[in-house]
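Undergrad: Sharing a structure with you now.
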Amino acid sequence: MPVEQNKGSFNALQYIHAMRLTWWKITAIVLLVYAVIGGLLLPVPELSQLGETIRNLYYHVCMWFAMMILFTISIAQSIKYLRTGLIEHDIKASSYAGVGTYLGLLGYATGAIWASFTWADPNNPAFASFGSIMREPKLIGAAIALLIYGAYFILRSSITDMDQRARVSAVYNIFAYAMLFPSIWIIPRLLPSLHPGQEGNPALNFNDIDARMRMVFYPAVIGWAFLGIWIATLKIRHKILLEQKWFAHEK
Amino acid sequence: MEALNQYTALLKKEFLLESRQQHTLYGVMLYIASTVFVIYLTIDSPDADTWNSLFWITQLFICINAVAKSFLQEARGRMLYYYSITSPVVFILSKLSYNVLLMLAMNLVNLLLYSAFMGNPTESFLQFLFIGLLGSMGLGLVFTMLAAIASKAMQQASLMAILGFPLIIPQLLLLVRLSKTAFSEVFRDGVPQQLVLLLVSLDILIVFLAVILYPFLWKD
């Protein structure tokens, strides 16, 4: 069936309407514009060791926060799937996990840039200390989380039956997440670390961050998390449309 | 009461199967022997730290091999039969207990071979034995649950390793750390007890999760 296209009469108002910009999407845009501009221009504490790289806090730490928020939503959807058996919840769980994994990779990338300025000794090339950097407890925790979700996607792709795939991957998702939390709590207490936030969770403690930085940091966390959710909802809509097309084709 | 009867019957069935199909048990033992022999040939006389970490890695691989078969050998038809006669909770509890017992036995075999081939660098052998048994229990529990998950998918054995390695890292780190008490490393007061407590509570968490989650895997 040919899709009717309505060329030429495009304007911004229609576009906003078509995108269904709800309050949280607008919040995401506003907060991220603020986080990028404010994050680069507003004053920050001067620390000789960090210098201006301290601004990476607004991007690097936020990636991890957003990742954990998305993984938590994914778990909630998995539990909902096991309770209701609606395939829609399975689609949501896998999409949130996918975007969360992507944010985790971005967290690694931003962290690597930051570490190469602050941890790597100028007398040592960065790659020489790679081994010691990878042993960081926070990095191990993050690596475990990413490996778990990598395994989650491999598990999904190795089961062909749709309902069974949904059920088995939901079980693994819940099991792995429940095991991940103790490990994030345990590992930092076993190994020495250069990473800030040795006692407990970094950046959640009010005394950890300068007041000026909190003004940007918390909005940035919310902004990035909303952006992740936004991307995930687009993926979910796409997948649901594909499912519908598939079922229409079957009939 | 009926659940208890079912549980003992299922556990008895596991032992009976093991005694009838002895090739699987001997297969695992031979796996241990050849692994230890290869390690012995490639490394002459490892120091205590190397010995410790090699021991735990060997134990991990033994666990994957020994536990994987517990769900792989159950044919579809037999699972259907269990479905009609028992409940999922009883079934998974019997599997968990059997695999824990199996891993405890395999731990002893592994430890024996390690001591025979590569000497025994431990200061307090009894302590290491206790830690080994505690650790094998945890490994057995985690991988039983993962075998149950992987048995629903293709390429089960390799999938089990992929699913399991990220989850087992914290336990392995705890065990390697704790084992150092047996190599006369000095700990602050109360730290070893704390580690043992952590491991035990992790094990309880796994059993708890298995009991909650297995009923969902059970329906086919």
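Here, A, B, ... name the chains of the structure tokens in the order displayed, residue numbers run from 1 inside each chain, and ligands are numbered from 1 in the same displayed order.
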Using only C-alpha atoms, which chain A residues lie at most 8 Å away from chain B, written as a PyMOL selection string?

TA: chain A and resi 82+144-145+147-148+151-152+155+158-159+164+167-168+171-172+175-176+179-180+182-183+186-187+190

Undergrad: As a PDB file with N, CA and C atoms, in the first residue's frame, please: the residues near Leu11 (chain B) (cut-off 9 Å, only C-alpha atoms, same-chain neighbours under 4 positions excluded).

TA:
ATOM      1  N   GLN B   6       9.331 -36.370  48.027  1.00  0.00           N
ATOM      2  CA  GLN B   6       9.678 -36.164  46.617  1.00  0.00           C
ATOM      3  C   GLN B   6      11.136 -35.757  46.485  1.00  0.00           C
ATOM      4  N   TYR B   7      11.543 -34.875  47.406  1.00  0.00           N
ATOM      5  CA  TYR B   7      12.922 -34.382  47.374  1.00  0.00           C
ATOM      6  C   TYR B   7      13.917 -35.526  47.530  1.00  0.00           C
ATOM      7  N   PHE B  15      21.644 -39.986  42.399  1.00  0.00           N
ATOM      8  CA  PHE B  15      22.751 -40.882  42.775  1.00  0.00           C
ATOM      9  C   PHE B  15      22.672 -42.188  41.996  1.00  0.00           C
ATOM     10  N   LEU B  16      21.446 -42.670  41.828  1.00  0.00           N
ATOM     11  CA  LEU B  16      21.249 -43.923  41.102  1.00  0.00           C
ATOM     12  C   LEU B  16      21.728 -43.766  39.664  1.00  0.00           C
ATOM     13  N   SER B  94      16.450 -30.273  44.616  1.00  0.00           N
ATOM     14  CA  SER B  94      17.169 -31.554  44.538  1.00  0.00           C
ATOM     15  C   SER B  94      18.373 -31.420  43.616  1.00  0.00           C
ATOM     16  N   LYS B  95      18.206 -30.678  42.507  1.00  0.00           N
ATOM     17  CA  LYS B  95      19.336 -30.469  41.590  1.00  0.00           C
ATOM     18  C   LYS B  95      20.455 -29.695  42.284  1.00  0.00           C
ATOM     19  N   SER B  97      21.113 -29.440  45.489  1.00  0.00           N
ATOM     20  CA  SER B  97      21.808 -30.216  46.522  1.00  0.00           C
ATOM     21  C   SER B  97      22.730 -31.244  45.879  1.00  0.00           C
ATOM     22  N   TYR B  98      22.229 -31.897  44.828  1.00  0.00           N
ATOM     23  CA  TYR B  98      23.067 -32.920  44.219  1.00  0.00           C
ATOM     24  C   TYR B  98      24.344 -32.302  43.652  1.00  0.00           C
TER      25      TYR B  98
END

Undergrad: I'd like the interatomic distance between CA of Met137 (chain B) and CA of Phe125 (chain B), to a tenth of an Å.

TA: 18.3 Å

Undergrad: One decimal, Å: what's the distance from CA of Arg20 (chain B) over to CA of Thr144 (chain B), could you say?

TA: 21.4 Å

Undergrad: Leaving out region 35-51 of chain B and any residue of its chain fewer than 4 positions from it, which residues lie within 8 Å of it when counting only C-alpha atoms, given as number ranges by chain?

TA: B: 31, 55, 58, 110, 113-114, 117-119, 121-122, 183

Undergrad: Just checking: using only C-alpha atoms, which residue out of A:Asp163, A:Tyr108, A:Ile91, A:Ser116 ends up closest to Leu242 (chain A)?

TA: A:Ile91

Undergrad: Using only C-alpha atoms, which residues sit within 9 Å of Arg55 (chain A) once same-chain residues fewer than 5 positions away are excluded, as a PyMOL selection string?

TA: chain A and resi 39-40+44+213

Undergrad: Suppose we keep N, CA and C atoms; can you now write the selection as a PDB file, in the first residue's frame?

TA:
ATOM      1  N   GLY A  39      28.096  23.106  31.430  1.00  0.00           N
ATOM      2  CA  GLY A  39      29.188  22.210  31.807  1.00  0.00           C
ATOM      3  C   GLY A  39      30.516  22.689  31.280  1.00  0.00           C
ATOM      4  N   LEU A  40      30.506  23.346  30.108  1.00  0.00           N
ATOM      5  CA  LEU A  40      31.779  23.809  29.544  1.00  0.00           C
ATOM      6  C   LEU A  40      32.147  25.218  29.996  1.00  0.00           C
ATOM      7  N   VAL A  44      34.365  26.082  37.771  1.00  0.00           N
ATOM      8  CA  VAL A  44      34.574  24.823  38.493  1.00  0.00           C
ATOM      9  C   VAL A  44      35.718  25.030  39.480  1.00  0.00           C
ATOM     10  N   MET A 213      29.438  22.590  41.234  1.00  0.00           N
ATOM     11  CA  MET A 213      29.343  21.494  40.271  1.00  0.00           C
ATOM     12  C   MET A 213      28.010  20.770  40.398  1.00  0.00           C
TER      13      MET A 213
END

Undergrad: Using only C-alpha atoms, determine which residues lie at most 7 Å from region 102-105 of chain B, disregarding the query and same-chain residues fewer than 6 positions distant; provide the list as a ChimeraX atom specification.

TA: /B:63,133,136-137,140

Undergrad: Just to be explicit: take each residue in the selection above, keep N, CA and C atoms, and write the result as a PDB file, in the first residue's frame.

TA:
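File again_35.pdb, as written:
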ATOM      1  N   CYS B  63      33.798 -27.150  37.477  1.00  0.00           N
ATOM      2  CA  CYS B  63      32.400 -26.910  37.837  1.00  0.00           C
ATOM      3  C   CYS B  63      31.529 -26.831  36.592  1.00  0.00           C
ATOM      4  N   LEU B 133      35.831 -26.168  50.209  1.00  0.00           N
ATOM      5  CA  LEU B 133      34.490 -26.751  50.228  1.00  0.00           C
ATOM      6  C   LEU B 133      33.425 -25.651  50.157  1.00  0.00           C
ATOM      7  N   SER B 136      33.405 -24.345  46.562  1.00  0.00           N
ATOM      8  CA  SER B 136      32.820 -25.280  45.598  1.00  0.00           C
ATOM      9  C   SER B 136      31.313 -25.281  45.710  1.00  0.00           C
ATOM     10  N   MET B 137      30.827 -25.117  46.928  1.00  0.00           N
ATOM     11  CA  MET B 137      29.396 -25.063  47.147  1.00  0.00           C
ATOM     12  C   MET B 137      28.803 -23.884  46.361  1.00  0.00           C
ATOM     13  N   GLY B 140      28.919 -24.506  42.617  1.00  0.00           N
ATOM     14  CA  GLY B 140      27.898 -25.482  42.237  1.00  0.00           C
ATOM     15  C   GLY B 140      26.521 -24.842  42.163  1.00  0.00           C
TER      16      GLY B 140
END

Undergrad: Quick one: everything within 9 Å of Gly132 (chain B), counting only C-alpha atoms, minus sequence neighbours fewer than 3 positions away in the same chain. Send it as a ChimeraX atom specification.

TA: /B:56,104,107-108,111,127-129,135-137,175,179
